[in-house]
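Beneath this line is the structure, given in structure tokens, with notes to follow.
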2 protein chains.
Amino acid sequence: MQNDNILLAQLNPIVGNIEYNYNKALDYIERAKSQGVSLVVFPELFMLGYPPIDIIERYPLIVQENIQWLNKLVLHCNDISVLIGFCEFNDSNLGKKYFNSVAYISNGKIEKIIRKSLLPQYSEFNEGRYFQPAPFISAQRIIQFGKMRAGVIICEENWNDFDFFKKPLYDFDPFEKLVTEQKPDFIINLSASPTRTKKEQLLNNMLSFCAKKYSTPILYVNQTGSTDCISFCGTSRVYDKDGELIARAKSFDEDFFVVTPYKSPKNRIEPLVCGLEKTLNSQKEFSLDYEPDLERTYLTIVQAIRDYFNKNGFKRAVLGLSGGLDSSCCAALLSFALGAKNVVGVSMPSKITSSQSKNDARELAQNLGINFFEIPIKDMTDASSNTFNSIFDKVNSVWGDFRYKAPLTFDNIQARSRAMILWGISNEFSLTLPIATSDKSELYMGYATINGDMSGGFAPICDVTKTKLFALARWINLNAPIKNTIPEAVLKKPPGAELAINPKTGKPLLAEEALMPYEFLDEVIWRLENLQQTSDEMLRATFLYQKKHDITLEQKKMWLEKFAKRVQSAQFKWSIMPPGPIVDARSIVRAEYVQPISSKLKF
Amino acid sequence: MQNDNILLAQLNPIVGNIEYNYNKALDYIERAKSQGVSLVVFPELFMLGYPPIDIIERYPLIVQENIQWLNKLVLHCNDISVLIGFCEFNDSNLGKKYFNSVAYISNGKIEKIIRKSLLPQYSEFNEGRYFQPAPFISAQRIIQFGKMRAGVIICEENWNDFDFFKKPLYDFDPFEKLVTEQKPDFIINLSASPTRTKKEQLLNNMLSFCAKKYSTPILYVNQTGSTDCISFCGTSRVYDKDGELIARAKSFDEDFFVVTPYKSPKNRIEPLVCGLEKTLNSQKEFSLDYEPDLERTYLTIVQAIRDYFNKNGFKRAVLGLSGGLDSSCCAALLSFALGAKNVVGVSMPSKITSSQSKNDARELAQNLGINFFEIPIKDMTDASSNTFNSIFDKVNSVWGDFRYKAPLTFDNIQARSRAMILWGISNEFSLTLPIATSDKSELYMGYATINGDMSGGFAPICDVTKTKLFALARWINLNAPIKNTIPEAVLKKPPGAELAINPKTGKPLLAEEALMPYEFLDEVIWRLENLQQTSDEMLRATFLYQKKHDITLEQKKMWLEKFAKRVQSAQFKWSIMPPGPIVDARSIVRAEYVQPISSKLKF
């Protein structure tokens, strides 16, 4: 042992890319050695990357590889100790194929293997599908660190305190067992814990509570980076025995971070990303004050875009720019995530598109410095319309009774022609991915065109509601690397798809005319996701919108019924929605919402 | 007690539609009463429908409703006993929100509630997400049936015999505990067990084994019908104490089925659907003899289509007819599932489409009696091509270095124009769903166009490989309600998308020229899914294709590498594939394959 420093290796692995993860681990071990660090701690399952889900079931070679590379890593650990997560075969004749394990490497060999006992099974977690829960034996959790004894805990095992949680999920508390039976000098927690609204609050309070309750410091190492829809924010940290935070790593970034967990308060404390910090006060009511969560939202989406592209080998993005809020925000987020030169924005006006919209799109692109081109879709929509009329006449001969009186067909031709152009560009230029620009409010209402604006390889804002998106746009203007990129006009005009004319006004139909006020809609979504309220409960509650506008109960009931009906029929659309980053406390993103489409919803 | 008959109510519920399920249950209870039946047994979770997955987490009102309607059902059970699955709130301050429970209704009240102890967590099962496993107490599992005592088991609890399974999943066997501790006269198993290739074999052997081992009859009641990708085949049955099958209900249909479980061998034994029966010999090698599984495959897909449409409120289907195998099979399956008049097939020839293809499409439609129309897409593809050229010139100015030398862009315009027409028809005519016609072999290779042939609301053959599809087509011609509907020419011509010309032959590019021989490809898929072989193992193995054709190891290696590369890059396409029925032992269908897209696969 060289000194009493510990390196928290807060890293961003690629699931299944074992050699990549190995090289990253080795790099940090070498750097730790050169600084005389005694122990390096990597996140949960780091050799494999989190979450592997079913690939370890289908491609067991990946698991074999993670063992082989782990053994190679051991060869580099003669004079340093390492705690690293990996996937272990379950050789017994009982249970699931694998264990979610931690290797304790010391004295040039694997001294000890620790197996996870509590496996999370909810929202984005599915560990019970492939991991066998191990019996929790506290003596196996102790490693020697100089003259001190450290206890090792894996992620979920820290989340079951019977005093902290009103309804703990599991029937015993590994943390309590470990601390009371073994009395370790401090705890090391290896985690892969995704970021969600309000989760930092919970995590901070919980870790601080446990440290204080048992008068035992906790050293918590988290993964960073994103895998598809799931984003990790890093923010590894140390609490002293009084529950005081004495060290914290960066958020949303890899970090080389040396701590002395049990000693002094003199460790580095990186500032907390806003939204990780300010949401410390749990939100009990719907509010349009999204400010506390905007930095976190921005960083989550930017990291998710960057990692989805990097980890899947894409380099360039192409999206339609309508001059509206959704596409403007997507363009800004893509530009900051991938670099302006790697983004092409295409304005594809139809006869309904206003010159204001075209100008707004151009101005946005200029502000961001992304590539911008304009191409009218008239020829395509004309040809499609003619072809459609011809085939509709024919189909009408057999299905005339079922023909809609006011179909959306021609509105959708525009959206689909645009998506066709974007996919065309992705076919013509290598490693280019089209972007789906639908937002969460509109996805809830099914107000998105299949093979149109809902189409793309990734959907950056699919978990951001419209009212939050307005706030995010203003935040981006104030805080992103380039300021004031989203034109004021975009922020001021009422949202509308510009696919149809409202016969009453003679102007393009506004989204709120087709749906309901976004303020109202977003509160319905918020209540459904956060409070699981029924529509009766919502009817009785006072909405923020009602405090500002005089609406009848009849009107409110109509909107609630419209919402229920549209959510039901949107289910099959959600099933063909591309992946996008989870941002809110709940989302409709497939990685966390496992649902039957053929079902009757009721609330 | 009226007599010693038991009614197995093998029914098809709708998930979350509690009133619908209630009415179905009540109908069977009334029919049972009128026939003097003493006990009615419904499937697992019948009040709610299986699988509810996350809707019970998000919409707890549905669970409240299932309790309310269960209590209404009790009012109709004064002179009959009922075992019925329902979802129960977990009122304790520990664990998940719900139990997967069975109510035993007798003497006009709920006499007993039985809670499931073993919760499956693999492939299409995710019960641990929302259900709390209950401690298994054998005394609670006994109900009185006249002078006899019956033991109640819920689905998975029957699947853990330590002698039958080499590697049981759970550390105790509820069946053994129940039988040895309570010595019931017979066992009643309430199940919701989906159909898979080879599963009937396993189920039959396992139930027979357990009945014989403990000299205890088993009465097994299964759900029927489909929920999205997951299909249940019914086939409820009874084994006597010697493990002999003495009763069996219909497959793939609801059934009103009265049995006397412990008495005589004189119960009704419905013939087993071929594929449920003949696959009793587990397939150890890849074979093109698909015959044993074709009836089951056909019935699974037809049921899945019918239920996806019925349960989601769709009435009509529209699909493109290319004259090729995929669309021809889809048209036949749709026609038999929904009725010919509810299907529109559209031939959408481009300049590459041969007149043979057009004729084949027309002939197929005539044979099936479905509606058929032809509409050339030339105007649309011309307009798109012109627009594309114009925008590509512009994008080329910034991304010229990344332009493909031989892009697939213009091939895809054809596929996308066709999908646009189909979605147009679905926008114009009510309750009409476009169909994605991609098959499993081509999806594995990513040989499907996003927003083209891969686009639709449902993908009937997404789990059927090409060589199996040829066999299925021949089976349909021999066995479907209308014979010889798929023209011989369709079955004889080599598959090809007719999107591009092969410069070497001057004729439309064939799929096998673009990919590899389907016989070889399908064996790779089979080995990967069924044997989890690595590419090295496959290289060493002798493929069926090699027995017929002289290929070099170099050629084989090239194909395997091509497969690996294309599967990796197909991952993001799978993420936007519509749902479709699971047919094979393994599938890439989302309901059973929970996978990170951003991952490196290796085999």
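Identifiers in the structure tokens: chain A, B, ... in order shown; residue index from 1 per chain; ligand index from 1 in order shown.
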
With only C-alpha atoms as the counted atoms, please give the residues lying no more than 9 Å from Asp584 (chain B), apart from itself and same-chain residues fewer than 5 positions off, as a list in words. Arg196, Thr197, Lys198, Thr297, Asp463 and Val464 of chain B

Shell of 10 Å around Asn530 (chain A), only C-alpha atoms, local chain residues under 5 positions omitted, as a list in words: Gln283, Lys284, Glu285, Phe286, Val524, Ile525, Asp584, Ala585 and Arg586 of chain A; Arg58 of chain B

Based on the backbone DSSP call, show me all residues of region 143-291 of chain A assigned alpha helix (DSSP H), as a PyMOL selection string. chain A and resi 174-182+199-213+291

Can you write just those residues out, N, CA, C and O atoms, as a compact mmCIF listing (two decimals), in the first residue's frame?
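Just written: out-v4.txt:
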# COMPACT_ATOMS: atom_id res chain seq x y z
N PRO A 174 -29.18 -4.80 3.27
CA PRO A 174 -27.78 -5.24 3.22
C PRO A 174 -26.83 -4.25 3.90
O PRO A 174 -25.87 -4.65 4.56
N PHE A 175 -27.12 -2.97 3.76
CA PHE A 175 -26.26 -1.95 4.34
C PHE A 175 -26.22 -2.10 5.87
O PHE A 175 -25.16 -2.13 6.51
N GLU A 176 -27.41 -2.25 6.44
CA GLU A 176 -27.50 -2.41 7.89
C GLU A 176 -26.75 -3.66 8.34
O GLU A 176 -25.98 -3.65 9.31
N LYS A 177 -26.99 -4.74 7.64
CA LYS A 177 -26.37 -6.03 7.96
C LYS A 177 -24.84 -5.90 7.94
O LYS A 177 -24.14 -6.31 8.87
N LEU A 178 -24.36 -5.27 6.87
CA LEU A 178 -22.92 -5.12 6.71
C LEU A 178 -22.33 -4.27 7.83
O LEU A 178 -21.31 -4.64 8.46
N VAL A 179 -22.95 -3.16 8.09
CA VAL A 179 -22.39 -2.22 9.07
C VAL A 179 -22.50 -2.75 10.49
O VAL A 179 -21.56 -2.65 11.27
N THR A 180 -23.65 -3.33 10.81
CA THR A 180 -23.82 -3.79 12.19
C THR A 180 -23.02 -5.07 12.44
O THR A 180 -22.46 -5.25 13.52
N GLU A 181 -22.94 -5.95 11.47
CA GLU A 181 -22.22 -7.22 11.70
C GLU A 181 -20.71 -7.07 11.59
O GLU A 181 -19.96 -7.75 12.28
N GLN A 182 -20.26 -6.18 10.70
CA GLN A 182 -18.81 -6.13 10.42
C GLN A 182 -18.13 -4.86 10.92
O GLN A 182 -16.90 -4.80 10.94
N LYS A 199 -34.01 12.79 -8.55
CA LYS A 199 -33.33 11.63 -7.99
C LYS A 199 -32.11 12.01 -7.18
O LYS A 199 -31.79 11.37 -6.18
N GLU A 200 -31.40 13.08 -7.61
CA GLU A 200 -30.22 13.52 -6.86
C GLU A 200 -30.60 13.85 -5.42
O GLU A 200 -29.90 13.52 -4.48
N GLN A 201 -31.75 14.50 -5.27
CA GLN A 201 -32.26 14.81 -3.94
C GLN A 201 -32.36 13.56 -3.08
O GLN A 201 -31.86 13.48 -1.96
N LEU A 202 -32.98 12.55 -3.67
CA LEU A 202 -33.21 11.30 -2.96
C LEU A 202 -31.88 10.63 -2.64
O LEU A 202 -31.63 10.21 -1.50
N LEU A 203 -31.01 10.58 -3.63
CA LEU A 203 -29.71 9.92 -3.48
C LEU A 203 -28.90 10.60 -2.39
O LEU A 203 -28.34 9.95 -1.49
N ASN A 204 -28.84 11.91 -2.46
CA ASN A 204 -28.06 12.69 -1.49
C ASN A 204 -28.59 12.48 -0.07
O ASN A 204 -27.85 12.17 0.85
N ASN A 205 -29.90 12.62 0.06
CA ASN A 205 -30.50 12.48 1.38
C ASN A 205 -30.29 11.07 1.93
O ASN A 205 -30.00 10.89 3.11
N MET A 206 -30.44 10.10 1.05
CA MET A 206 -30.37 8.71 1.47
C MET A 206 -28.94 8.35 1.90
O MET A 206 -28.74 7.75 2.97
N LEU A 207 -27.97 8.72 1.07
CA LEU A 207 -26.57 8.38 1.42
C LEU A 207 -26.15 9.10 2.70
O LEU A 207 -25.52 8.51 3.59
N SER A 208 -26.51 10.37 2.79
CA SER A 208 -26.18 11.15 3.98
C SER A 208 -26.83 10.53 5.22
O SER A 208 -26.22 10.39 6.28
N PHE A 209 -28.08 10.15 5.07
CA PHE A 209 -28.84 9.53 6.16
C PHE A 209 -28.15 8.25 6.66
O PHE A 209 -27.94 8.05 7.86
N CYS A 210 -27.77 7.40 5.70
CA CYS A 210 -27.15 6.12 6.07
C CYS A 210 -25.79 6.33 6.73
O CYS A 210 -25.44 5.65 7.71
N ALA A 211 -25.00 7.26 6.18
CA ALA A 211 -23.68 7.52 6.75
C ALA A 211 -23.81 7.97 8.20
O ALA A 211 -23.12 7.49 9.10
N LYS A 212 -24.75 8.89 8.41
CA LYS A 212 -24.95 9.45 9.75
C LYS A 212 -25.54 8.42 10.70
O LYS A 212 -25.09 8.27 11.84
N LYS A 213 -26.55 7.72 10.22
CA LYS A 213 -27.25 6.74 11.06
C LYS A 213 -26.27 5.72 11.64
O LYS A 213 -26.37 5.34 12.80
N GLU A 291 -37.08 26.21 -14.29
CA GLU A 291 -35.69 26.65 -14.13
C GLU A 291 -34.82 25.68 -13.32
O GLU A 291 -33.72 25.32 -13.75

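Non-sequential neighbours of region 387-396 of chain A (distance at most 9 Å, separation of 6 or more positions within a chain, only C-alpha atoms) are Phe402 and Arg403 of chain A; Val344, Val346, Asn371, Phe372, Phe373, Glu374, Ile375, Pro376, Ile377, Asp379, Met380, Ile421, Gly424, Ile425, Glu428 and Phe429 of chain B.
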
Contacts of region 74-91 of chain B within 8 Å, only C-alpha atoms, excl. fewer than 3 positions in-chain, as a VMD selection string: chain B and resid 1 26 29 33 37 to 48 63 66 to 67 70 to 71 95 to 110 132 190

Pick from A:Lys573, A:His549, A:Lys600, A:Arg237: nearest to chain B, with only C-alpha atoms counted? A:Lys600

Tell me, which residues of region 76-112 of chain A carry DSSP strand (DSSP E), written as an MDAnalysis selection string? chainID A and resid 81:89 98:106 109:112

With a distance cut-off of 7 Å and only C-alpha atoms, select the neighbouring residues of Val258 (chain A), excluding the residue or stretch itself and same-chain residues fewer than 5 positions from it, and output the selection as a VMD selection string. chain A and resid 5 to 8

Would you save the residues from that selection as a PDB file, in the first residue's frame, using N, CA, C and O atoms?
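As a result, again23.pdb now contains:
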ATOM      1  N   ASN A   5      -4.871   7.062  -0.366  1.00  0.00           N
ATOM      2  CA  ASN A   5      -5.762   7.688  -1.334  1.00  0.00           C
ATOM      3  C   ASN A   5      -6.547   6.634  -2.137  1.00  0.00           C
ATOM      4  O   ASN A   5      -6.032   5.566  -2.440  1.00  0.00           O
ATOM      5  N   ILE A   6      -7.746   7.025  -2.476  1.00  0.00           N
ATOM      6  CA  ILE A   6      -8.578   6.166  -3.319  1.00  0.00           C
ATOM      7  C   ILE A   6      -8.964   6.960  -4.563  1.00  0.00           C
ATOM      8  O   ILE A   6      -9.296   8.140  -4.475  1.00  0.00           O
ATOM      9  N   LEU A   7      -8.888   6.291  -5.716  1.00  0.00           N
ATOM     10  CA  LEU A   7      -9.334   6.939  -6.938  1.00  0.00           C
ATOM     11  C   LEU A   7     -10.742   6.462  -7.282  1.00  0.00           C
ATOM     12  O   LEU A   7     -10.989   5.260  -7.436  1.00  0.00           O
ATOM     13  N   LEU A   8     -11.654   7.431  -7.394  1.00  0.00           N
ATOM     14  CA  LEU A   8     -12.992   7.112  -7.914  1.00  0.00           C
ATOM     15  C   LEU A   8     -12.938   7.233  -9.424  1.00  0.00           C
ATOM     16  O   LEU A   8     -12.797   8.337  -9.948  1.00  0.00           O
TER      17      LEU A   8
END

As number ranges by chain, please: the residues near Phe543 (chain A) (cut-off 10 Å, only C-alpha atoms, same-chain neighbours under 4 positions excluded). A: 285-287, 519-520, 523-524, 527, 538-539, 547-549, 556

Keeping only C-alpha atoms, write those residues as a PDB file, in the first residue's frame.
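Below is the file that was written, out_27.pdb:
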ATOM      1  CA  GLU A 285     -47.525  20.878  -7.352  1.00  0.00           C
ATOM      2  CA  PHE A 286     -47.394  21.427 -11.073  1.00  0.00           C
ATOM      3  CA  SER A 287     -45.476  24.563 -11.903  1.00  0.00           C
ATOM      4  CA  GLU A 519     -50.456  24.588 -19.884  1.00  0.00           C
ATOM      5  CA  PHE A 520     -53.484  22.472 -19.195  1.00  0.00           C
ATOM      6  CA  GLU A 523     -50.468  19.541 -16.024  1.00  0.00           C
ATOM      7  CA  VAL A 524     -52.610  16.518 -16.950  1.00  0.00           C
ATOM      8  CA  ARG A 527     -50.503  14.634 -12.563  1.00  0.00           C
ATOM      9  CA  MET A 538     -58.056  15.780 -11.787  1.00  0.00           C
ATOM     10  CA  LEU A 539     -61.528  17.118 -12.334  1.00  0.00           C
ATOM     11  CA  LYS A 547     -56.128  30.032 -11.716  1.00  0.00           C
ATOM     12  CA  LYS A 548     -55.362  32.182 -14.740  1.00  0.00           C
ATOM     13  CA  HIS A 549     -58.309  31.497 -17.014  1.00  0.00           C
ATOM     14  CA  LYS A 556     -62.278  20.872 -18.258  1.00  0.00           C
TER      15      LYS A 556
END

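Relative to CA of Leu325 (chain B), CA of Gln533 (chain B) is found at 29.2 Å.
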
What is the distance between CA of Gln532 (chain A) and CA of Tyr59 (chain B), in Å to one decimal?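 A separation of 6.7 Å between them.
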
Looking at only C-alpha atoms, which of B:Leu560, B:Leu408, B:Ile137, B:Ile486 is the one that sits closest to chain A? B:Leu408

Using only C-alpha atoms, determine which residues lie at most 12 Å from Ile501 (chain A), disregarding the query and same-chain residues fewer than 3 positions distant; provide the list as a PyMOL selection string. chain A and resi 351-354+408+410-411+496-498+504-511+513-514

The selected residues should be written to file as a compact mmCIF listing (two decimals), in the first residue's frame (atoms: C-alpha atoms).
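Once written, selection-v8.txt looks like this:
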# COMPACT_ATOMS: atom_id res chain seq x y z
CA LYS A 351 -47.81 26.14 -49.49
CA ILE A 352 -48.95 26.54 -45.89
CA THR A 353 -45.51 27.48 -44.58
CA SER A 354 -45.32 31.19 -43.81
CA LEU A 408 -55.80 14.40 -42.20
CA PHE A 410 -53.08 15.78 -47.06
CA ASP A 411 -51.69 17.34 -43.90
CA GLY A 496 -48.53 24.94 -34.82
CA ALA A 497 -47.64 22.20 -37.26
CA GLU A 498 -48.42 24.37 -40.29
CA LYS A 504 -62.42 29.54 -38.73
CA THR A 505 -59.40 31.82 -38.82
CA GLY A 506 -58.14 31.28 -42.36
CA LYS A 507 -54.69 30.95 -40.84
CA PRO A 508 -52.57 27.85 -40.18
CA LEU A 509 -54.20 25.72 -37.51
CA LEU A 510 -52.54 26.19 -34.13
CA ALA A 511 -51.71 23.18 -32.00
CA GLU A 513 -56.75 24.82 -31.33
CA ALA A 514 -56.36 21.20 -32.41
